[in-house]
file target31.csv (CSV, C-alpha atoms)
chain,number,residue,atom,x,y,z
R,93,ASP,CA,37.0,-49.3,-42.0
R,94,ALA,CA,39.2,-49.9,-45.0
R,95,LYS,CA,42.6,-51.2,-44.1
R,96,THR,CA,46.1,-50.4,-45.3
R,97,THR,CA,49.1,-52.6,-45.5
R,98,GLN,CA,52.7,-51.3,-45.3
R,99,PRO,CA,56.1,-52.9,-45.0
R,100,ASN,CA,57.4,-53.0,-41.5
R,101,SER,CA,60.6,-51.3,-42.3
R,102,MET,CA,62.7,-49.8,-45.2
R,103,GLU,CA,66.2,-48.5,-45.5
R,104,SER,CA,67.5,-45.7,-47.7
R,105,ASN,CA,70.7,-43.9,-48.3
R,106,GLU,CA,71.0,-40.2,-47.6
R,107,GLU,CA,70.2,-38.0,-50.6
R,108,GLU,CA,68.6,-40.8,-52.6
R,109,PRO,CA,64.9,-41.0,-53.4
R,110,VAL,CA,62.7,-43.2,-51.2
R,111,HIS,CA,59.5,-44.8,-52.3
R,112,LEU,CA,57.2,-46.0,-49.5
R,113,PRO,CA,54.4,-48.3,-50.7
R,114,CYS,CA,50.9,-48.7,-49.2
R,115,ASN,CA,48.3,-51.2,-50.3
R,116,HIS,CA,44.6,-50.4,-49.7
R,117,SER,CA,42.7,-52.9,-51.8
R,118,THR,CA,39.4,-52.4,-50.0
R,119,ILE,CA,39.4,-48.6,-50.5
R,120,SER,CA,36.1,-47.1,-51.2
R,121,GLY,CA,35.4,-44.5,-53.9
R,122,THR,CA,35.4,-41.6,-51.4
R,123,ASP,CA,38.2,-42.6,-49.1
R,124,TYR,CA,41.0,-40.1,-49.0
R,125,ILE,CA,44.6,-41.4,-48.7
R,126,HIS,CA,46.6,-39.6,-46.0
R,127,TRP,CA,50.2,-40.0,-45.0
R,128,TYR,CA,51.6,-39.0,-41.6
R,129,ARG,CA,55.0,-39.5,-40.1
R,130,GLN,CA,56.2,-39.7,-36.6
R,131,LEU,CA,59.8,-38.6,-35.8
R,132,PRO,CA,61.4,-40.1,-32.7
R,133,SER,CA,59.8,-38.9,-29.4
R,134,GLN,CA,57.3,-36.6,-31.2
R,135,GLY,CA,53.7,-36.6,-32.2
R,136,PRO,CA,52.7,-37.6,-35.7
R,137,GLU,CA,52.8,-34.9,-38.4
R,138,TYR,CA,50.9,-34.6,-41.6
R,139,VAL,CA,52.8,-35.2,-44.8
R,140,ILE,CA,50.4,-35.3,-47.7
R,141,HIS,CA,47.0,-36.5,-48.8
R,142,GLY,CA,45.1,-37.2,-52.1
R,143,LEU,CA,42.0,-38.7,-53.6
R,144,THR,CA,42.7,-39.8,-57.1
R,145,SER,CA,45.3,-37.6,-58.7
R,146,ASN,CA,49.0,-37.5,-57.8
R,147,VAL,CA,49.9,-34.8,-55.4
R,148,ASN,CA,53.0,-32.8,-54.7
R,149,ASN,CA,53.9,-30.5,-51.8
R,150,ARG,CA,57.1,-29.2,-50.2
R,151,MET,CA,57.6,-32.4,-48.2
R,152,ALA,CA,56.8,-35.2,-50.6
R,153,SER,CA,54.9,-36.5,-53.6
R,154,LEU,CA,52.0,-39.0,-53.5
R,155,ALA,CA,51.5,-41.3,-56.4
R,156,ILE,CA,48.1,-43.0,-56.5
R,157,ALA,CA,47.5,-46.0,-58.6
R,158,GLU,CA,44.8,-45.7,-61.3
R,159,ASP,CA,42.6,-48.3,-59.5
R,160,ARG,CA,43.4,-46.6,-56.2
R,161,LYS,CA,44.2,-49.9,-54.6
R,162,SER,CA,47.7,-48.8,-53.8
R,163,SER,CA,49.7,-45.6,-53.3
R,164,THR,CA,53.3,-44.6,-52.9
R,165,LEU,CA,54.8,-41.8,-50.9
R,166,ILE,CA,57.9,-40.4,-52.5
R,167,LEU,CA,60.6,-38.5,-50.7
R,168,HIS,CA,62.7,-37.1,-53.5
R,169,ARG,CA,66.0,-36.8,-51.5
R,170,ALA,CA,66.1,-38.5,-48.2
R,171,THR,CA,67.9,-36.7,-45.4
R,172,LEU,CA,68.8,-38.0,-41.9
R,173,ARG,CA,65.9,-36.0,-40.6
R,174,ASP,CA,63.5,-38.1,-42.6
R,175,ALA,CA,64.1,-41.1,-40.4
R,176,ALA,CA,60.7,-41.8,-38.9
R,177,VAL,CA,57.7,-44.1,-38.9
R,178,TYR,CA,55.5,-43.3,-41.9
R,179,TYR,CA,51.8,-44.1,-41.7
R,180,CYS,CA,49.4,-44.5,-44.6
R,181,ILE,CA,45.7,-44.2,-43.5
R,182,LEU,CA,42.4,-43.9,-45.3
R,183,ARG,CA,40.0,-41.2,-44.2
R,184,LEU,CA,36.3,-41.2,-44.8
R,185,ASP,CA,34.5,-41.8,-41.5
R,186,ASN,CA,34.7,-39.5,-38.6
R,187,ASP,CA,37.4,-41.5,-36.8
R,188,MET,CA,41.0,-41.7,-37.9
R,189,ARG,CA,42.8,-45.0,-37.2
R,190,PHE,CA,46.5,-45.8,-37.7
R,191,GLY,CA,48.2,-49.0,-38.6
R,192,ALA,CA,51.7,-50.1,-37.6
R,193,GLY,CA,53.4,-47.9,-40.3
R,194,THR,CA,56.8,-48.3,-42.0
R,195,ARG,CA,59.9,-47.5,-40.1
R,196,LEU,CA,62.3,-45.7,-42.4
R,197,THR,CA,66.0,-45.8,-41.7
R,198,VAL,CA,68.2,-43.3,-43.5
R,199,LYS,CA,71.9,-44.2,-43.7
R,200,PRO,CA,74.5,-41.5,-44.2
J,131,ASN,CA,49.9,-20.0,-33.0
J,132,ALA,CA,49.9,-22.7,-30.4
J,133,GLY,CA,48.0,-25.5,-32.3
J,134,VAL,CA,47.3,-28.5,-30.1
J,135,THR,CA,48.4,-28.2,-26.5
J,136,GLN,CA,48.6,-31.1,-24.1
J,137,THR,CA,49.2,-30.9,-20.4
J,138,PRO,CA,50.9,-32.3,-18.4
J,139,LYS,CA,53.9,-33.5,-20.4
J,140,PHE,CA,54.8,-36.2,-17.9
J,141,ARG,CA,52.9,-37.8,-15.0
J,142,ILE,CA,53.4,-40.7,-12.6
J,143,LEU,CA,50.3,-42.1,-11.1
J,144,LYS,CA,49.8,-44.7,-8.4
J,145,ILE,CA,47.5,-47.7,-9.1
J,146,GLY,CA,43.9,-46.7,-8.4
J,147,GLN,CA,44.4,-42.9,-8.7
J,148,SER,CA,42.5,-40.8,-11.2
J,149,MET,CA,43.6,-38.0,-13.4
J,150,THR,CA,42.6,-35.8,-16.3
J,151,LEU,CA,44.8,-35.3,-19.4
J,152,GLN,CA,44.1,-31.9,-20.9
J,153,CYS,CA,44.0,-31.1,-24.6
J,154,ALA,CA,43.2,-27.7,-26.1
J,155,GLN,CA,43.4,-26.5,-29.6
J,156,ASP,CA,43.1,-22.9,-30.9
J,157,MET,CA,42.3,-23.6,-34.6
J,158,ASN,CA,38.5,-23.8,-34.2
J,159,HIS,CA,38.6,-27.5,-35.3
J,160,ASN,CA,35.5,-29.5,-34.8
J,161,TYR,CA,37.2,-32.9,-34.9
J,162,MET,CA,39.4,-34.0,-31.9
J,163,TYR,CA,40.9,-37.3,-31.1
J,164,TRP,CA,42.7,-39.1,-28.3
J,165,TYR,CA,45.3,-41.8,-28.9
J,166,ARG,CA,47.6,-44.0,-26.8
J,167,GLN,CA,50.9,-45.3,-28.0
J,168,ASP,CA,52.6,-48.1,-26.2
J,169,PRO,CA,56.4,-48.5,-26.6
J,170,GLY,CA,57.4,-49.6,-30.1
J,171,MET,CA,53.8,-49.8,-31.3
J,172,GLY,CA,51.4,-47.7,-33.4
J,173,LEU,CA,48.7,-45.3,-32.3
J,174,LYS,CA,45.4,-46.7,-31.0
J,175,LEU,CA,42.3,-44.5,-31.0
J,176,ILE,CA,40.7,-44.1,-27.6
J,177,TYR,CA,37.9,-41.6,-28.2
J,178,TYR,CA,37.0,-39.0,-30.7
J,179,SER,CA,34.6,-36.1,-31.1
J,180,VAL,CA,33.1,-34.4,-34.1
J,181,GLY,CA,32.0,-31.3,-32.2
J,182,ALA,CA,31.0,-29.9,-28.8
J,183,GLY,CA,28.7,-32.2,-27.0
J,184,ILE,CA,29.4,-35.2,-29.3
J,185,THR,CA,31.9,-38.0,-28.5
J,186,ASP,CA,32.3,-41.6,-29.6
J,187,LYS,CA,34.4,-44.6,-28.7
J,188,GLY,CA,37.4,-45.6,-30.7
J,189,GLU,CA,39.4,-48.9,-30.6
J,190,VAL,CA,40.4,-49.0,-27.0
J,191,PRO,CA,38.0,-46.9,-24.8
J,192,ASN,CA,37.8,-49.1,-21.7
J,193,GLY,CA,39.2,-47.4,-18.6
J,194,TYR,CA,38.8,-43.9,-20.1
J,195,ASN,CA,36.1,-41.2,-20.3
J,196,VAL,CA,35.9,-38.0,-22.3
J,197,SER,CA,33.8,-34.9,-22.5
J,198,ARG,CA,33.6,-32.1,-25.0
J,199,SER,CA,31.8,-29.1,-23.6
J,200,THR,CA,33.6,-26.5,-25.8
J,201,THR,CA,35.1,-26.6,-29.3
J,202,GLU,CA,38.6,-25.9,-27.9
J,203,ASP,CA,38.9,-28.5,-25.1
J,204,PHE,CA,38.8,-32.3,-25.1
J,205,PRO,CA,39.9,-33.7,-21.8
J,206,LEU,CA,40.6,-37.4,-21.2
J,207,ARG,CA,39.8,-38.8,-17.8
J,208,LEU,CA,41.4,-41.9,-16.4
J,209,GLU,CA,39.5,-43.5,-13.5
J,210,LEU,CA,41.2,-46.1,-11.3
J,211,ALA,CA,44.6,-46.1,-13.1
J,212,ALA,CA,46.1,-49.4,-13.9
J,213,PRO,CA,49.7,-50.4,-15.0
J,214,SER,CA,48.2,-51.3,-18.4
J,215,GLN,CA,47.5,-47.6,-19.0
J,216,THR,CA,51.2,-46.7,-18.9
J,217,SER,CA,51.6,-45.2,-22.3
J,218,VAL,CA,52.2,-42.0,-24.3
J,219,TYR,CA,48.9,-40.2,-25.0
J,220,PHE,CA,48.4,-38.0,-28.0
J,221,CYS,CA,45.6,-35.6,-28.7
J,222,ALA,CA,44.9,-34.4,-32.3
J,223,SER,CA,42.5,-32.1,-34.0
J,224,SER,CA,41.3,-31.5,-37.6
J,225,GLY,CA,38.9,-29.2,-39.3
J,226,GLY,CA,37.0,-32.0,-41.0
J,227,ARG,CA,37.0,-35.7,-41.9
J,228,ILE,CA,39.4,-35.4,-44.7
J,229,THR,CA,41.6,-32.4,-43.8
J,230,GLU,CA,45.0,-32.7,-42.2
J,231,ALA,CA,45.2,-33.4,-38.5
J,232,PHE,CA,47.5,-31.7,-36.0
J,233,PHE,CA,48.9,-33.5,-33.1
J,234,GLY,CA,50.0,-32.4,-29.7
J,235,GLN,CA,53.4,-33.3,-28.2
J,236,GLY,CA,52.0,-36.0,-26.0
J,237,THR,CA,51.7,-36.9,-22.4
J,238,ARG,CA,53.9,-39.6,-21.0
J,239,LEU,CA,52.0,-41.4,-18.3
J,240,THR,CA,53.4,-44.0,-16.0
J,241,VAL,CA,51.2,-46.0,-13.6
J,242,VAL,CA,53.1,-47.7,-10.7

call {"tool": "encode", "arguments": {"input": "target31.csv", "output": "structure tokens"}}
result
Amino acid sequence: DAKTTQPNSMESNEEEPVHLPCNHSTISGTDYIHWYRQLPSQGPEYVIHGLTSNVNNRMASLAIAEDRKSSTLILHRATLRDAAVYYCILRLDNDMRFGAGTRLTVKP
Amino acid sequence: NAGVTQTPKFRILKIGQSMTLQCAQDMNHNYMYWYRQDPGMGLKLIYYSVGAGITDKGEVPNGYNVSRSTTEDFPLRLELAAPSQTSVYFCASSGGRITEAFFGQGTRLTVV
């Protein structure tokens, strides 16, 4: 399975944008890039996914590099409720495997 | 719309006991997954299924068994519980390989 690399932790100030990076240099041409987040004491929840083009939804934006070897999840205005572990995963095969993710701390 | 329902929410087992963690989804999803999450760690895939009657091992299948007799249900069986199986267990489902997955709220299991 293709692997992803994320920073262990990041900090942000409330109401400022947050850019969460993910490297996936071994991505294949048909791997989809998915982002999930896990709030404290909850199960993971879907955030966004994309293949080649940048994607936007009500929660976030996903910017995918032209060579697809990296991507960035963008939270446009971080709130305290966005404090969570964010996971970047690649989906192609039938299974779905998570890495360690990035723990985002949002400071008031 | 219940989504993915896991039962029980909490359980304490004694070493050597067995139990089944239940997972049910009402979204007619073919793909279902079981994960465990140890304190402060990420999720590890135990087993997954791509449809009724089809299951496959994930990263950490030892000590667990699964079955998938219906589309809706994907129970996880622990035989001969060990302290190393103390963890939070999450079940998830998705409509396909690349569609979004939905997770249950988890089962917190302690083996003493």

call {"tool": "interface_residues", "arguments": {"input": "target31.csv", "of": "chain R", "to": "chain J", "cutoff": "12 Å", "atoms": "all atoms listed in the file", "output": "count of residues only"}}
result
43

call {"tool": "closest_residue", "arguments": {"input": "target31.csv", "among": "R:Ile156, R:Ala176, R:Thr171, R:Thr197", "to": "Glu106 in chain R", "atoms": "all atoms listed in the file"}}
result
R:Thr171

call {"tool": "residues_near_point", "arguments": {"input": "target31.csv", "point": "(51.5, -24.9, -30.0)", "cutoff": "9 Å", "atoms": "only C-alpha atoms", "output": "ChimeraX atom specification"}}
result
/J:131-135,155-156,234-235

call {"tool": "atom_distance", "arguments": {"input": "target31.csv", "atom1": "CA of Lys161 in chain R", "atom2": "CA of Ile119 in chain R"}}
result
6.4 Å

call {"tool": "closest_residue", "arguments": {"input": "target31.csv", "among": "R:Arg173, R:Arg150, R:His111, R:Arg160", "to": "Thr96 in chain R", "atoms": "all atoms listed in the file"}}
result
R:Arg160

call {"tool": "closest_residue", "arguments": {"input": "target31.csv", "among": "J:Asn160, J:Asp203, J:Arg198, J:Asp168", "to": "Gln215 in chain J", "atoms": "all atoms listed in the file"}}
result
J:Asp168

call {"tool": "atom_distance", "arguments": {"input": "target31.csv", "atom1": "CA of Val110 in chain R", "atom2": "CA of Asn148 in chain R"}}
result
14.6 Å

call {"tool": "residues_around", "arguments": {"input": "target31.csv", "residues": "Ser145 in chain R", "least_positions_apart": "4", "cutoff": "9 Å", "atoms": "only C-alpha atoms", "output": "VMD selection string"}}
result
chain R and resid 154 to 158

call {"tool": "atom_distance", "arguments": {"input": "target31.csv", "atom1": "CA of Ile166 in chain R", "atom2": "CA of Ser153 in chain R"}}
result
5.0 Å

call {"tool": "residues_near_point", "arguments": {"input": "target31.csv", "point": "(35.8, -22.8, -36.6)", "cutoff": "10 Å", "atoms": "only C-alpha atoms", "output": "count of residues only"}}
result
8

call {"tool": "decode", "arguments": {"input": "target31.csv", "residues": "range 97-169 of chain R", "atoms": "C-alpha atoms", "output": "PDB file, in the first residue's frame"}}
result
ATOM      1  CA  THR R  97       3.757  11.096   5.835  1.00  0.00           C
ATOM      2  CA  GLN R  98       2.346  13.811   8.059  1.00  0.00           C
ATOM      3  CA  PRO R  99       3.825  16.007  10.785  1.00  0.00           C
ATOM      4  CA  ASN R 100       3.107  14.678  14.254  1.00  0.00           C
ATOM      5  CA  SER R 101       1.592  17.909  15.493  1.00  0.00           C
ATOM      6  CA  MET R 102       0.696  21.448  14.476  1.00  0.00           C
ATOM      7  CA  GLU R 103      -0.637  24.501  16.260  1.00  0.00           C
ATOM      8  CA  SER R 104      -2.923  27.202  15.041  1.00  0.00           C
ATOM      9  CA  ASN R 105      -4.593  30.285  16.412  1.00  0.00           C
ATOM     10  CA  GLU R 106      -8.354  30.469  16.449  1.00  0.00           C
ATOM     11  CA  GLU R 107      -9.947  32.104  13.392  1.00  0.00           C
ATOM     12  CA  GLU R 108      -6.739  31.788  11.353  1.00  0.00           C
ATOM     13  CA  PRO R 109      -6.297  29.457   8.353  1.00  0.00           C
ATOM     14  CA  VAL R 110      -4.579  26.126   8.869  1.00  0.00           C
ATOM     15  CA  HIS R 111      -2.662  24.215   6.233  1.00  0.00           C
ATOM     16  CA  LEU R 112      -2.103  20.555   7.073  1.00  0.00           C
ATOM     17  CA  PRO R 113       0.431  18.890   4.761  1.00  0.00           C
ATOM     18  CA  CYS R 114       0.641  15.290   3.630  1.00  0.00           C
ATOM     19  CA  ASN R 115       3.347  13.649   1.536  1.00  0.00           C
ATOM     20  CA  HIS R 116       2.529  10.594  -0.550  1.00  0.00           C
ATOM     21  CA  SER R 117       5.442  10.229  -2.942  1.00  0.00           C
ATOM     22  CA  THR R 118       4.569   6.604  -3.886  1.00  0.00           C
ATOM     23  CA  ILE R 119       0.985   7.372  -4.840  1.00  0.00           C
ATOM     24  CA  SER R 120      -0.323   5.499  -7.840  1.00  0.00           C
ATOM     25  CA  GLY R 121      -2.337   7.028 -10.621  1.00  0.00           C
ATOM     26  CA  THR R 122      -5.654   5.749  -9.305  1.00  0.00           C
ATOM     27  CA  ASP R 123      -5.183   6.306  -5.557  1.00  0.00           C
ATOM     28  CA  TYR R 124      -7.718   8.679  -4.076  1.00  0.00           C
ATOM     29  CA  ILE R 125      -6.530  11.030  -1.334  1.00  0.00           C
ATOM     30  CA  HIS R 126      -8.836  11.027   1.672  1.00  0.00           C
ATOM     31  CA  TRP R 127      -8.784  13.083   4.845  1.00  0.00           C
ATOM     32  CA  TYR R 128     -10.463  12.118   8.074  1.00  0.00           C
ATOM     33  CA  ARG R 129     -10.341  13.690  11.490  1.00  0.00           C
ATOM     34  CA  GLN R 130     -10.878  12.307  14.946  1.00  0.00           C
ATOM     35  CA  LEU R 131     -12.194  14.574  17.655  1.00  0.00           C
ATOM     36  CA  PRO R 132     -11.368  13.630  21.252  1.00  0.00           C
ATOM     37  CA  SER R 133     -13.200  10.517  22.425  1.00  0.00           C
ATOM     38  CA  GLN R 134     -14.989  10.062  19.095  1.00  0.00           C
ATOM     39  CA  GLY R 135     -14.705   7.898  16.037  1.00  0.00           C
ATOM     40  CA  PRO R 136     -13.058   9.341  12.934  1.00  0.00           C
ATOM     41  CA  GLU R 137     -15.182  11.421  10.604  1.00  0.00           C
ATOM     42  CA  TYR R 138     -14.771  12.040   6.903  1.00  0.00           C
ATOM     43  CA  VAL R 139     -13.528  15.475   5.891  1.00  0.00           C
ATOM     44  CA  ILE R 140     -12.826  15.495   2.167  1.00  0.00           C
ATOM     45  CA  HIS R 141     -11.325  13.499  -0.683  1.00  0.00           C
ATOM     46  CA  GLY R 142      -9.976  14.048  -4.183  1.00  0.00           C
ATOM     47  CA  LEU R 143      -8.093  12.476  -7.057  1.00  0.00           C
ATOM     48  CA  THR R 144      -6.361  15.163  -9.087  1.00  0.00           C
ATOM     49  CA  SER R 145      -8.199  18.457  -8.871  1.00  0.00           C
ATOM     50  CA  ASN R 146      -8.534  20.693  -5.852  1.00  0.00           C
ATOM     51  CA  VAL R 147     -11.749  20.092  -3.943  1.00  0.00           C
ATOM     52  CA  ASN R 148     -13.880  22.240  -1.683  1.00  0.00           C
ATOM     53  CA  ASN R 149     -16.694  21.387   0.692  1.00  0.00           C
ATOM     54  CA  ARG R 150     -18.348  22.966   3.686  1.00  0.00           C
ATOM     55  CA  MET R 151     -15.681  21.688   6.059  1.00  0.00           C
ATOM     56  CA  ALA R 152     -12.418  22.274   4.215  1.00  0.00           C
ATOM     57  CA  SER R 153     -10.497  22.524   0.978  1.00  0.00           C
ATOM     58  CA  LEU R 154      -8.076  19.988  -0.441  1.00  0.00           C
ATOM     59  CA  ALA R 155      -5.179  21.193  -2.550  1.00  0.00           C
ATOM     60  CA  ILE R 156      -3.438  18.463  -4.536  1.00  0.00           C
ATOM     61  CA  ALA R 157      -0.007  19.020  -6.050  1.00  0.00           C
ATOM     62  CA  GLU R 158       0.251  18.730  -9.800  1.00  0.00           C
ATOM     63  CA  ASP R 159       2.452  15.613  -9.512  1.00  0.00           C
ATOM     64  CA  ARG R 160       0.082  14.259  -6.805  1.00  0.00           C
ATOM     65  CA  LYS R 161       2.980  13.484  -4.502  1.00  0.00           C
ATOM     66  CA  SER R 162       1.660  15.776  -1.827  1.00  0.00           C
ATOM     67  CA  SER R 163      -1.563  17.385  -0.725  1.00  0.00           C
ATOM     68  CA  THR R 164      -2.697  19.984   1.779  1.00  0.00           C
ATOM     69  CA  LEU R 165      -5.870  20.123   3.803  1.00  0.00           C
ATOM     70  CA  ILE R 166      -6.936  23.706   4.348  1.00  0.00           C
ATOM     71  CA  LEU R 167      -9.197  24.809   7.177  1.00  0.00           C
ATOM     72  CA  HIS R 168     -10.086  28.360   6.266  1.00  0.00           C
ATOM     73  CA  ARG R 169     -10.845  29.628   9.784  1.00  0.00           C
TER      74      ARG R 169
END
